[in-house]
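Trainee: Just start-v5.cif, nothing more (mmCIF, C-alpha atoms and all ligand atoms):
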data_final
loop_
_atom_site.label_atom_id
_atom_site.label_comp_id
_atom_site.auth_asym_id
_atom_site.auth_seq_id
_atom_site.Cartn_x
_atom_site.Cartn_y
_atom_site.Cartn_z
CA MET A 1 209.80 124.35 120.20
CA VAL A 2 210.06 121.65 122.82
CA VAL A 3 209.09 118.18 121.57
CA THR A 4 209.00 115.20 123.92
CA ARG A 5 207.87 111.67 123.36
CA PHE A 6 206.62 108.80 125.41
CA ALA A 7 207.71 105.59 123.74
CA PRO A 8 206.20 102.49 125.33
CA SER A 9 206.31 99.09 123.69
CA PRO A 10 202.74 97.82 123.38
CA THR A 11 203.75 94.49 124.87
CA GLY A 12 201.81 95.13 128.08
CA ARG A 13 199.79 97.70 129.99
CA LEU A 14 201.16 100.89 131.51
CA HIS A 15 202.36 100.54 135.09
CA VAL A 16 203.28 103.12 137.65
CA GLY A 17 206.88 103.44 136.41
CA ASN A 18 206.02 104.26 132.84
CA ILE A 19 203.03 106.37 133.86
CA ARG A 20 205.62 108.51 135.64
CA THR A 21 207.81 108.70 132.54
CA ALA A 22 204.80 109.64 130.41
CA LEU A 23 203.81 112.31 132.91
CA HIS A 24 207.24 113.97 133.00
CA ASN A 25 207.43 114.07 129.22
CA TRP A 26 203.92 115.53 129.09
CA MET A 27 204.72 118.12 131.78
CA TRP A 28 207.91 119.26 130.10
CA ALA A 29 206.12 119.76 126.78
CA ARG A 30 203.13 121.50 128.38
CA LYS A 31 205.31 123.75 130.50
CA HIS A 32 207.05 125.00 127.37
CA GLY A 33 204.00 125.15 125.11
CA GLY A 34 205.57 122.32 123.12
CA ARG A 35 204.38 119.02 121.70
CA PHE A 36 204.02 115.65 123.38
CA LEU A 37 204.15 112.58 121.13
CA LEU A 38 203.08 109.04 121.75
CA ARG A 39 205.33 106.66 119.87
CA LEU A 40 204.46 103.00 120.03
CA ASP A 41 207.72 101.06 119.87
CA ASP A 42 206.21 98.02 118.24
CA THR A 43 209.14 96.63 116.27
CA ASP A 44 208.69 93.40 118.22
CA ARG A 45 205.70 92.27 116.20
CA GLU A 46 205.16 89.06 118.09
CA ARG A 47 204.82 90.61 121.52
CA SER A 48 203.12 93.87 120.48
CA THR A 49 199.32 93.77 120.33
CA GLU A 50 196.52 96.08 119.24
CA GLU A 51 194.80 95.53 122.60
CA ASN A 52 197.82 96.83 124.46
CA ALA A 53 198.12 99.81 122.11
CA ALA A 54 194.44 100.66 122.66
CA ALA A 55 194.79 100.22 126.43
CA ILE A 56 197.81 102.54 126.51
CA ARG A 57 195.79 105.19 124.66
CA THR A 58 192.82 104.73 127.01
CA ASP A 59 195.04 104.93 130.08
CA LEU A 60 196.75 108.10 128.86
CA GLY A 61 193.29 109.59 128.21
CA TRP A 62 192.14 108.69 131.73
CA LEU A 63 195.27 110.26 133.17
CA GLY A 64 194.69 113.40 131.09
CA LEU A 65 197.99 112.88 129.27
CA ALA A 66 196.63 112.48 125.75
CA ALA A 67 199.31 112.92 123.11
CA ASP A 68 199.29 115.61 120.42
CA THR A 69 200.38 113.07 117.82
CA GLU A 70 200.76 109.35 117.69
CA ALA A 71 203.14 107.27 115.60
CA ARG A 72 204.05 103.64 115.53
CA GLN A 73 207.35 102.20 114.52
CA SER A 74 205.79 99.39 112.48
CA ASP A 75 204.60 102.07 110.01
CA ARG A 76 208.10 103.41 109.59
CA PHE A 77 210.21 100.49 108.42
CA ALA A 78 210.93 102.12 105.04
CA LEU A 79 212.59 105.06 106.79
CA TYR A 80 214.69 102.77 108.98
CA GLU A 81 215.73 100.79 105.93
CA SER A 82 216.95 103.83 104.04
CA ARG A 83 218.87 105.25 106.98
CA PHE A 84 220.34 101.82 107.61
CA GLU A 85 221.56 101.73 104.00
CA GLU A 86 223.31 105.07 104.53
CA LEU A 87 225.05 103.75 107.62
CA ARG A 88 226.04 100.63 105.75
CA ALA A 89 227.50 102.65 102.89
CA ALA A 90 229.44 104.69 105.45
CA GLY A 91 230.73 101.53 107.15
CA ARG A 92 228.93 102.29 110.45
CA VAL A 93 226.99 99.03 110.52
CA TYR A 94 228.44 95.62 109.82
CA PRO A 95 227.12 92.10 109.39
CA CYS A 96 227.89 89.45 112.00
CA TYR A 97 227.41 85.71 111.71
CA GLU A 98 227.98 84.38 115.21
CA SER A 99 225.21 82.26 116.64
CA ALA A 100 223.83 82.96 120.08
CA GLU A 101 225.80 79.95 121.38
CA GLU A 102 229.05 81.23 119.87
CA LEU A 103 228.54 84.63 121.46
CA GLU A 104 227.78 83.03 124.79
CA LEU A 105 230.98 81.03 124.59
CA LYS A 106 232.98 84.19 123.88
CA ARG A 107 231.47 85.84 126.92
CA LYS A 108 232.30 82.84 129.09
CA ILE A 109 235.91 82.86 127.96
CA LEU A 110 236.21 86.57 128.75
CA ALA A 111 234.57 86.09 132.13
CA GLY A 112 236.99 83.23 132.88
CA ARG A 113 239.85 85.65 132.30
CA GLY A 114 238.17 88.23 134.49
CA LEU A 115 237.42 90.49 131.50
CA PRO A 116 234.22 92.43 130.74
CA PRO A 117 231.93 90.87 128.10
CA ILE A 118 232.79 93.27 125.28
CA TYR A 119 232.22 91.99 121.76
CA ASP A 120 235.59 91.38 120.06
CA ARG A 121 234.56 92.68 116.61
CA ALA A 122 235.59 89.40 115.01
CA ALA A 123 232.94 89.91 112.32
CA LEU A 124 234.50 93.20 111.31
CA LYS A 125 237.63 91.35 110.27
CA LEU A 126 235.86 88.88 107.99
CA GLY A 127 236.82 88.98 104.34
CA ASP A 128 234.35 88.71 101.43
CA ALA A 129 235.14 85.02 100.97
CA GLU A 130 234.46 84.21 104.64
CA ARG A 131 231.16 86.06 104.57
CA ALA A 132 230.21 84.27 101.37
CA ALA A 133 231.05 80.96 103.03
CA PHE A 134 228.73 81.73 105.97
CA GLU A 135 225.97 82.74 103.56
CA ALA A 136 226.48 79.53 101.61
CA GLU A 137 225.96 77.63 104.88
CA GLY A 138 222.56 79.31 105.10
CA ARG A 139 223.58 81.77 107.83
CA ARG A 140 221.99 85.19 107.69
CA PRO A 141 223.78 88.05 109.37
CA HIS A 142 222.62 90.14 112.27
CA TRP A 143 223.95 93.69 112.26
CA ARG A 144 225.96 95.73 114.70
CA PHE A 145 226.52 99.45 114.88
CA LEU A 146 230.23 100.31 114.79
CA LEU A 147 231.10 102.53 117.72
CA ASP A 148 233.77 105.12 117.11
CA HIS A 149 236.38 104.25 119.70
CA ASP A 150 238.12 107.56 119.18
CA SER A 151 235.15 109.76 120.12
CA PRO A 152 234.62 109.78 123.83
CA ILE A 153 230.95 109.91 124.74
CA HIS A 154 229.75 112.69 126.96
CA TRP A 155 226.58 114.65 127.59
CA ASP A 156 225.22 116.96 130.19
CA ASP A 157 222.27 115.08 131.61
CA LEU A 158 219.47 117.35 132.82
CA ILE A 159 219.14 115.25 135.97
CA ARG A 160 222.45 113.43 136.41
CA GLY A 161 224.77 116.23 135.31
CA PRO A 162 227.91 115.59 133.18
CA GLN A 163 228.12 111.99 131.96
CA HIS A 164 231.10 110.24 130.37
CA LEU A 165 231.31 106.82 128.78
CA ASP A 166 234.33 105.24 127.14
CA PRO A 167 233.18 103.62 123.88
CA ARG A 168 236.05 101.12 124.16
CA LEU A 169 234.32 99.62 127.17
CA LEU A 170 231.06 99.06 125.26
CA SER A 171 230.11 96.36 122.77
CA ASP A 172 229.05 97.46 119.32
CA PRO A 173 225.29 97.14 119.81
CA VAL A 174 223.24 94.71 117.74
CA ILE A 175 220.67 96.83 115.92
CA ARG A 176 219.06 94.30 113.61
CA ARG A 177 218.36 90.60 113.92
CA ALA A 178 219.14 87.94 111.35
CA ASP A 179 215.47 87.87 110.30
CA GLY A 180 215.69 91.58 109.41
CA SER A 181 213.68 92.76 112.42
CA TRP A 182 214.85 95.83 114.33
CA LEU A 183 216.01 96.14 117.88
CA TYR A 184 214.83 99.24 119.64
CA MET A 185 218.02 101.31 119.61
CA LEU A 186 218.54 102.52 116.04
CA PRO A 187 214.86 103.07 115.06
CA SER A 188 214.47 105.13 118.20
CA ALA A 189 217.36 107.41 117.26
CA ILE A 190 216.08 107.68 113.67
CA ASP A 191 212.61 108.60 114.96
CA ASP A 192 213.90 111.12 117.46
CA ILE A 193 215.68 112.88 114.59
CA ASP A 194 212.77 112.62 112.16
CA MET A 195 210.19 113.78 114.73
CA GLY A 196 212.29 116.69 115.93
CA VAL A 197 212.40 115.38 119.50
CA THR A 198 214.25 117.93 121.63
CA HIS A 199 214.18 116.16 125.02
CA VAL A 200 214.35 112.46 125.82
CA VAL A 201 213.08 111.80 129.33
CA ARG A 202 213.39 108.22 130.53
CA GLY A 203 214.57 105.99 133.33
CA GLU A 204 218.21 105.70 134.31
CA ASP A 205 218.22 102.10 133.11
CA HIS A 206 218.71 103.71 129.67
CA VAL A 207 221.92 105.58 130.48
CA THR A 208 224.17 103.17 128.57
CA ASN A 209 221.72 103.13 125.65
CA THR A 210 222.03 106.90 125.52
CA GLY A 211 225.79 106.59 125.18
CA LEU A 212 225.33 104.25 122.23
CA GLN A 213 222.57 106.34 120.70
CA LEU A 214 224.63 109.53 120.92
CA GLN A 215 227.07 107.93 118.51
CA MET A 216 224.12 106.94 116.30
CA PHE A 217 222.90 110.54 116.18
CA GLY A 218 226.42 111.53 115.17
CA ALA A 219 226.64 108.85 112.48
CA LEU A 220 223.23 109.91 111.14
CA GLY A 221 224.48 113.50 110.92
CA ALA A 222 222.01 114.95 113.40
CA PRO A 223 222.39 116.84 116.64
CA ALA A 224 221.31 114.81 119.67
CA PRO A 225 218.35 115.80 121.82
CA ALA A 226 218.85 116.69 125.48
CA PHE A 227 218.56 113.77 127.89
CA ALA A 228 217.06 113.51 131.35
CA HIS A 229 217.46 110.13 133.05
CA GLU A 230 215.39 109.80 136.17
CA ALA A 231 216.21 107.66 139.16
CA LEU A 232 213.95 104.64 139.35
CA LEU A 233 210.99 104.18 141.66
CA VAL A 234 211.35 102.23 144.86
CA GLY A 235 208.73 101.10 147.38
CA SER A 236 208.45 102.50 150.86
CA GLU A 237 210.67 99.68 152.15
CA GLY A 238 213.31 99.56 149.46
CA LYS A 239 213.00 97.93 146.06
CA LEU A 240 209.65 98.37 144.30
CA SER A 241 207.80 95.10 144.80
CA LYS A 242 206.40 93.27 141.80
CA ARG A 243 202.88 93.94 143.03
CA LEU A 244 203.44 97.68 143.48
CA GLY A 245 205.50 98.02 140.32
CA SER A 246 202.86 96.38 138.17
CA LEU A 247 199.96 98.55 139.36
CA GLY A 248 198.27 100.13 136.37
CA CYS A 249 195.39 102.51 135.74
CA ASP A 250 192.71 99.83 136.20
CA ALA A 251 194.02 98.94 139.65
CA PHE A 252 194.22 102.59 140.67
CA ARG A 253 190.70 103.23 139.39
CA GLU A 254 189.40 100.27 141.38
CA GLU A 255 191.03 101.70 144.50
CA GLY A 256 189.15 104.95 143.91
CA ILE A 257 192.36 106.80 143.10
CA GLU A 258 191.80 109.94 141.03
CA PRO A 259 194.16 110.44 138.07
CA LEU A 260 194.96 113.82 139.56
CA ALA A 261 196.27 112.17 142.73
CA LEU A 262 198.60 109.95 140.73
CA ILE A 263 199.77 112.95 138.78
CA ALA A 264 200.34 115.12 141.83
CA LEU A 265 202.32 112.33 143.51
CA LEU A 266 204.36 111.19 140.52
CA ALA A 267 205.19 114.79 139.58
CA ARG A 268 206.90 115.37 142.90
CA ILE A 269 208.35 112.18 144.40
CA GLY A 270 212.09 112.05 143.82
CA THR A 271 212.27 115.85 143.58
CA SER A 272 213.12 118.51 146.14
CA LEU A 273 209.52 119.78 146.03
CA PRO A 274 206.89 118.59 148.51
CA VAL A 275 203.99 116.37 147.51
CA GLU A 276 200.92 118.65 147.57
CA PRO A 277 197.26 118.30 146.70
CA VAL A 278 196.23 120.31 143.64
CA ALA A 279 192.88 120.70 141.93
CA ASP A 280 194.42 121.09 138.47
CA PRO A 281 197.57 119.52 137.00
CA ALA A 282 198.43 122.88 135.43
CA ALA A 283 199.32 124.05 138.95
CA LEU A 284 202.29 121.65 138.90
CA LEU A 285 203.85 122.91 135.70
CA ASP A 286 205.56 126.15 136.76
CA SER A 287 207.80 124.55 139.33
CA PHE A 288 208.48 121.41 137.29
CA ASP A 289 212.17 121.32 136.48
CA PHE A 290 214.66 118.49 135.99
CA ALA A 291 217.12 120.48 138.12
CA ARG A 292 214.90 119.64 141.09
CA PHE A 293 215.14 115.90 140.57
CA GLY A 294 217.51 114.05 142.86
CA ARG A 295 219.83 111.17 142.06
CA ALA A 296 218.33 109.05 144.82
CA PRO A 297 215.46 106.71 143.88
CA ALA A 298 211.92 108.11 144.16
CA ARG A 299 209.84 106.49 146.89
CA PHE A 300 206.39 105.35 145.81
CA ASP A 301 204.06 104.66 148.72
CA LEU A 302 200.49 103.51 148.17
CA GLU A 303 199.38 104.87 151.55
CA GLU A 304 200.77 108.29 150.65
CA LEU A 305 198.89 108.10 147.37
CA LYS A 306 195.61 107.27 149.14
CA ALA A 307 196.06 110.10 151.64
CA LEU A 308 196.84 112.54 148.83
CA ASN A 309 193.82 111.25 146.92
CA ALA A 310 191.53 112.15 149.84
CA ARG A 311 193.07 115.61 150.16
CA ILE A 312 192.58 116.21 146.46
CA ILE A 313 188.95 115.06 146.56
CA HIS A 314 188.40 117.60 149.34
CA LEU A 315 189.51 120.31 146.90
CA LEU A 316 187.42 119.32 143.91
CA ASP A 317 184.58 121.57 142.81
CA PHE A 318 181.12 120.19 142.22
CA GLY A 319 181.53 120.79 138.48
CA ALA A 320 184.56 118.49 138.36
CA VAL A 321 182.66 115.55 139.84
CA ALA A 322 178.96 116.18 139.09
CA ASP A 323 178.71 113.43 136.47
CA ARG A 324 179.99 110.86 138.97
CA LEU A 325 177.58 111.72 141.79
CA PRO A 326 174.18 110.15 142.46
CA ALA A 327 171.19 111.84 140.79
CA GLY A 328 169.82 114.72 142.81
CA MET A 329 173.04 115.46 144.64
CA ASP A 330 173.73 119.17 144.18
CA ALA A 331 176.59 121.56 144.90
CA ALA A 332 175.50 122.12 148.53
CA ALA A 333 175.33 118.39 149.14
CA TRP A 334 178.77 117.91 147.57
CA ALA A 335 180.21 120.67 149.77
CA ALA A 336 178.71 119.02 152.87
CA ILE A 337 179.83 115.49 152.07
CA ARG A 338 183.17 116.11 150.32
CA PRO A 339 185.28 116.50 153.50
CA ASN A 340 184.29 112.98 154.57
CA LEU A 341 185.32 111.17 151.43
CA THR A 342 188.43 109.17 150.74
CA ARG A 343 187.08 108.23 147.32
CA ILE A 344 184.35 109.84 145.22
CA ASP A 345 182.12 106.77 145.00
CA GLU A 346 181.63 106.95 148.78
CA ALA A 347 179.43 109.99 148.12
CA ALA A 348 176.55 107.66 147.23
CA GLY A 349 176.55 106.20 150.74
CA TRP A 350 176.28 109.64 152.30
CA TRP A 351 173.65 110.73 149.83
CA ALA A 352 171.61 107.70 150.93
CA VAL A 353 171.95 108.99 154.50
CA VAL A 354 170.40 112.26 153.35
CA GLU A 355 167.69 110.85 151.12
CA GLY A 356 167.12 107.24 152.02
CA LYS A 357 165.96 105.23 154.98
CA VAL A 358 168.01 105.51 158.14
CA THR A 359 167.95 103.00 160.99
CA ALA A 360 169.58 103.67 164.32
CA THR A 361 170.05 101.68 167.49
CA ILE A 362 169.11 104.07 170.29
CA ASP A 363 169.72 103.72 174.01
CA ALA A 364 166.48 103.55 175.99
CA GLY A 365 167.75 106.47 178.08
CA ASP A 366 167.80 108.75 175.02
CA ARG A 367 164.21 108.18 173.87
CA ASP A 368 162.59 111.05 175.74
CA TYR A 369 165.45 113.30 174.75
CA LEU A 370 164.85 112.49 171.09
CA ALA A 371 161.10 113.05 171.48
CA ALA A 372 161.92 116.57 172.73
CA ALA A 373 164.29 116.98 169.80
CA ALA A 374 161.53 116.00 167.34
CA ARG A 375 159.18 118.57 168.87
CA LEU A 376 161.80 121.35 168.82
CA ALA A 377 162.93 120.50 165.29
CA ASP A 378 159.40 120.82 164.02
CA GLY A 379 159.11 124.35 165.40
CA LEU A 380 162.52 125.61 164.19
CA ASP A 381 163.28 128.24 161.57
CA TRP A 382 164.90 125.94 158.97
CA ASN A 383 166.19 128.77 156.85
CA GLU A 384 169.21 129.45 158.92
CA GLY A 385 171.51 127.53 161.25
CA ALA A 386 169.04 124.73 161.96
CA TRP A 387 171.64 122.54 163.71
CA LYS A 388 172.89 125.34 165.98
CA ALA A 389 169.32 126.37 166.81
CA LEU A 390 168.22 122.81 167.52
CA THR A 391 171.20 121.91 169.73
CA SER A 392 171.13 125.15 171.70
CA ALA A 393 167.37 124.88 172.34
CA LEU A 394 167.85 121.25 173.40
CA GLY A 395 170.76 122.17 175.66
CA THR A 396 168.68 124.77 177.42
CA GLU A 397 165.67 122.52 177.77
CA THR A 398 167.43 119.31 178.88
CA GLY A 399 170.65 120.56 180.44
CA ARG A 400 172.62 118.08 178.27
CA LYS A 401 175.92 119.07 176.72
CA GLY A 402 178.82 117.61 174.75
CA LYS A 403 178.56 114.02 173.64
CA GLY A 404 175.26 113.42 175.48
CA LEU A 405 173.74 116.31 173.57
CA PHE A 406 175.13 115.62 170.10
CA LEU A 407 175.62 111.88 169.69
CA PRO A 408 172.01 110.67 170.07
CA LEU A 409 170.96 113.32 167.55
CA ARG A 410 173.58 112.33 165.03
CA LEU A 411 172.68 108.67 165.49
CA ALA A 412 168.95 109.26 165.12
CA LEU A 413 169.38 111.57 162.12
CA THR A 414 172.05 109.66 160.19
CA GLY A 415 172.17 106.16 161.65
CA ARG A 416 175.91 106.61 162.19
CA GLU A 417 178.16 107.87 164.95
CA HIS A 418 180.44 109.85 162.64
CA GLY A 419 180.03 111.76 159.44
CA PRO A 420 179.83 115.14 157.79
CA ASP A 421 179.42 118.34 159.75
CA MET A 422 175.80 118.40 160.94
CA ASN A 423 175.59 122.13 160.24
CA ALA A 424 175.85 121.31 156.56
CA LEU A 425 174.11 117.94 156.62
CA LEU A 426 170.94 118.77 158.56
CA PRO A 427 169.59 121.33 156.05
CA LEU A 428 170.03 118.68 153.32
CA ILE A 429 168.04 116.17 155.36
CA GLY A 430 165.40 118.87 155.81
CA ARG A 431 162.62 119.38 158.32
CA ALA A 432 160.23 116.61 157.28
CA ARG A 433 162.80 113.81 157.25
CA ALA A 434 164.55 115.10 160.36
CA VAL A 435 161.36 115.23 162.40
CA GLU A 436 160.32 111.80 161.15
CA ARG A 437 163.71 110.26 162.02
CA LEU A 438 163.80 111.83 165.48
CA LYS A 439 160.26 110.65 166.19
CA ALA A 440 161.00 107.12 165.00
CA ALA A 441 164.08 107.01 167.25
CA SER A 442 162.10 108.17 170.26
CA LEU A 443 159.66 105.24 170.13
N1 LIG B 1 210.48 101.52 124.00
C1 LIG B 1 211.54 101.90 124.91
C2 LIG B 1 211.20 101.41 126.30
O1 LIG B 1 210.03 101.25 126.60
C3 LIG B 1 211.67 103.40 124.85
C4 LIG B 1 212.77 103.95 125.67
C5 LIG B 1 212.95 105.41 125.29
O2 LIG B 1 212.27 106.22 125.88
O3 LIG B 1 213.73 105.69 124.40
O4 LIG B 1 212.10 101.16 127.07
#
What do you get writing this file as structure tokens?
Mentor:
Amino acid sequence: MVVTRFAPSPTGRLHVGNIRTALHNWMWARKHGGRFLLRLDDTDRERSTEENAAAIRTDLGWLGLAADTEARQSDRFALYESRFEELRAAGRVYPCYESAEELELKRKILAGRGLPPIYDRAALKLGDAERAAFEAEGRRPHWRFLLDHDSPIHWDDLIRGPQHLDPRLLSDPVIRRADGSWLYMLPSAIDDIDMGVTHVVRGEDHVTNTGLQLQMFGALGAPAPAFAHEALLVGSEGKLSKRLGSLGCDAFREEGIEPLALIALLARIGTSLPVEPVADPAALLDSFDFARFGRAPARFDLEELKALNARIIHLLDFGAVADRLPAGMDAAAWAAIRPNLTRIDEAAGWWAVVEGKVTATIDAGDRDYLAAAARLADGLDWNEGAWKALTSALGTETGRKGKGLFLPLRLALTGREHGPDMNALLPLIGRARAVERLKAASL
């Protein structure tokens, strides 16, 4: 059974980058009939808040990416503690007493010699007496995970292909702070094991972490999940700007963006598949495959999102939007108005054109023409093809054609020069209102 997890830290709201990560984890689980977990990585208790956790849940709900199960790391400290004790007994974690300043100095010295900033494992060489001396000074240790320098790190990344890292070129990672709090790396590996996670899907900024965590899985005696590291998002002109990168669900909602549009876009950018409008996210699952993801960054373009949003709205059935339409607007009205929308809340404006008061500025030269239109409209059979019947009768009677025939009618009937197909709109306006509007415009 496929199990994926989305593991945000509740230190802020979701933004487009982690919405994309959540989506891909959700899609992979759904495609395989598996499970999708939400894990709140809230080991940083100062920066994690309940508000952010609630907002993340709300946003996932709005996107339609609700998790099957939710867990939070702050409920799981006992598990981390016991696994940590095992690693300690096995000599795979060790206490370190350097201060931040001392570590910084070491890095500077290495840099001065043109060497990479790899931790020198000085703390590993401390004897009992030296450790006791540090403790007597009031120092509390932070803890590092001991990498096995003799086991080369490799995995077959589902997106990046075969990956190799030399553990000798990596620092033993700090996994626990001097105050006992956890850094993200070890709890995450412990959770992935405990929760049966089969696939870890995340950004390529985690590639080195994966190397370190693979050794943690080994030290914890568990097989590692499969990994897919996706190329990061960029804007249409290179690097993702702060403004674009920080866009979250609220901002998208305010722009009238449908969750489905975000999903259809984020499912496909950075892959070899085209961005396409869909009426149901399930339509994206079959072709979803990490093998189709490229190594090049995925381009996120707000204009492309807006255009896709409009195309998706044009596909949505009345049933999918009925609760967001003005009262009285029915399936026929939705079908007539839908092709003109770039966002669903614009429907209200068009519904007002059907039902409400319409004012038009009419050229004096069109008044008689509109009086004839009012007379003909009153005598029409409104059951079928009212617009065709009206315009062809008017054409015959007045000799007008093209713009001169259609535009004054549209203006008088809707108050606007452009809008939905009059074939569909006129029956909604109906005989009484149409005749009244044409008469008013002829005066
Ligand atoms: N909390 C980590 C982050 O947001 C999770 C990374 C992961 O998916 O393992 O970066």
Trainee: Taking into account all atoms listed in the file, which residue in the set A:Ala320, A:Ala7, A:Val93, A:Ala122 is nearest to Arg176 in chain A?
Mentor: A:Val93
Trainee: Can you tell me which residues surround Pro167 in chain A at a distance of at most 7 Å, considering only C-alpha atoms, apart from same-chain residues fewer than 4 positions away, and format the answer as number ranges by chain?
Mentor: A: 147-149, 152-153
Trainee: What is the CA of Leu212 in chain A to CA of Ser181 in chain A distance in Å?
Mentor: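 Going from CA of Leu212 in chain A over to CA of Ser181 in chain A, I get 19.1 Å.
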Trainee: For Arg13 in chain A, find every residue with an atom within 10 Å (counting all atoms listed in the file), except residues of its own chain fewer than 5 positions away, and show them as an NGL selection string.
Mentor: :A and (8 or 18 or 51-56 or 59 or 246-250)
Trainee: List every residue of chain A that has an atom at most 12 Å from any atom of ligand LIG 1 (chain B), and for each one report the closest atom pair and its distance in Å to one decimal, counting all atoms listed in the file, with rows sorted by chain and then by increasing residue number, as CSV.
Mentor:
residue,atom,partner,partner_atom,distance
A:Thr4,CA,B:LIG1,O2,9.8
A:Arg5,CA,B:LIG1,O2,7.4
A:Phe6,CA,B:LIG1,O2,6.2
A:Ala7,CA,B:LIG1,C3,4.7
A:Pro8,CA,B:LIG1,O1,4.2
A:Ser9,CA,B:LIG1,N1,4.8
A:Pro10,CA,B:LIG1,N1,8.6
A:Thr11,CA,B:LIG1,O1,9.4
A:Gly12,CA,B:LIG1,O1,10.4
A:Arg13,CA,B:LIG1,O1,11.4
A:Leu14,CA,B:LIG1,O1,10.1
A:His15,CA,B:LIG1,O1,11.5
A:Gly17,CA,B:LIG1,O1,10.5
A:Asn18,CA,B:LIG1,O1,8.0
A:Ile19,CA,B:LIG1,O1,11.3
A:Thr21,CA,B:LIG1,O2,8.4
A:Ala22,CA,B:LIG1,O2,9.4
A:His24,CA,B:LIG1,O2,11.7
A:Asn25,CA,B:LIG1,O2,9.8
A:Leu37,CA,B:LIG1,O2,11.4
A:Leu38,CA,B:LIG1,O2,10.5
A:Arg39,CA,B:LIG1,N1,8.4
A:Leu40,CA,B:LIG1,N1,7.4
A:Asp41,CA,B:LIG1,N1,5.0
A:Asp42,CA,B:LIG1,N1,8.0
A:Thr43,CA,B:LIG1,N1,9.2
A:Asp44,CA,B:LIG1,N1,10.1
A:Ser48,CA,B:LIG1,N1,11.2
A:Arg72,CA,B:LIG1,N1,10.8
A:Gln73,CA,B:LIG1,N1,10.0
A:Leu183,CA,B:LIG1,N1,9.8
A:Tyr184,CA,B:LIG1,N1,6.6
A:Met185,CA,B:LIG1,O3,7.8
A:Leu186,CA,B:LIG1,O3,10.2
A:Pro187,CA,B:LIG1,O3,9.8
A:Ser188,CA,B:LIG1,O3,6.3
A:Ala189,CA,B:LIG1,O3,8.2
A:Ile190,CA,B:LIG1,O3,11.2
A:Asp191,CA,B:LIG1,O3,9.9
A:Asp192,CA,B:LIG1,O3,8.8
A:Val197,CA,B:LIG1,O3,10.9
A:His199,CA,B:LIG1,O2,10.2
A:Val200,CA,B:LIG1,O2,6.6
A:Val201,CA,B:LIG1,O2,6.6
A:Arg202,CA,B:LIG1,O2,5.2
A:Gly203,CA,B:LIG1,O2,7.8
A:Glu204,CA,B:LIG1,O2,10.3
A:Asp205,CA,B:LIG1,O4,8.6
A:His206,CA,B:LIG1,C4,7.2
A:Val207,CA,B:LIG1,O3,10.2
A:Thr208,CA,B:LIG1,O3,11.5
A:Asn209,CA,B:LIG1,O3,8.5
A:Thr210,CA,B:LIG1,O3,8.5
A:Leu212,CA,B:LIG1,O3,11.9
A:Gln213,CA,B:LIG1,O3,9.6
A:Pro225,CA,B:LIG1,O3,11.4
A:Phe227,CA,B:LIG1,O2,10.0
A:Ala228,CA,B:LIG1,O2,10.3
A:His229,CA,B:LIG1,O2,9.7
A:Glu230,CA,B:LIG1,O2,11.3
Trainee: Return the single residue from A:Arg243, A:Arg311, A:Arg400, A:Arg295 that is closest to Ala264 in chain A, with distances computed using all atoms listed in the file.
Mentor: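 Of the candidates, the smallest distance to Ala264 in chain A is held by A:Arg311.
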Trainee: State, in Å with one decimal place, the distance from CA of Gly138 in chain A to CA of Phe84 in chain A.
Mentor: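 Taking CA of Gly138 in chain A as the start and CA of Phe84 in chain A as the end point, the length is 22.8 Å.
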Trainee: If I take CA of Tyr97 in chain A and CA of Arg121 in chain A, how far is one from the other in Å, to one decimal?
Mentor: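 Value for the CA of Tyr97 in chain A-CA of Arg121 in chain A distance: 11.1 Å.
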Trainee: If we count only C-alpha atoms and set the cut-off at 9 Å, which residues sit around range 432-437 of chain A, ignoring sequence neighbours fewer than 4 positions away in its own chain? Please answer as a VMD selection string.
Mentor: chain A and resid 354 to 355 357 to 359 373 to 378 412 to 414 426 441 to 442
Trainee: With only C-alpha atoms as the counted atoms, please give the residues lying no more than 10 Å from range 128-133 of chain A, apart from itself and same-chain residues fewer than 4 positions off, as a PDB file with C-alpha atoms, in the coordinates of the input.
Mentor:
ATOM      1  CA  PRO A  95     227.120  92.100 109.390  1.00  0.00           C
ATOM      2  CA  CYS A  96     227.890  89.450 112.000  1.00  0.00           C
ATOM      3  CA  TYR A  97     227.410  85.710 111.710  1.00  0.00           C
ATOM      4  CA  ALA A 123     232.940  89.910 112.320  1.00  0.00           C
ATOM      5  CA  GLU A 137     225.960  77.630 104.880  1.00  0.00           C
ATOM      6  CA  GLY A 138     222.560  79.310 105.100  1.00  0.00           C
ATOM      7  CA  ARG A 139     223.580  81.770 107.830  1.00  0.00           C
ATOM      8  CA  ARG A 140     221.990  85.190 107.690  1.00  0.00           C
ATOM      9  CA  PRO A 141     223.780  88.050 109.370  1.00  0.00           C
TER      10      PRO A 141
END
Trainee: Using all atoms listed in the file, which of the listed residues (A:Met216, A:Leu65, A:Ala336, A:Met1) sits closest to Met195 in chain A?
Mentor: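 Between A:Met216, A:Leu65, A:Ala336, A:Met1, the residue approaching Met195 in chain A most closely is A:Met1.
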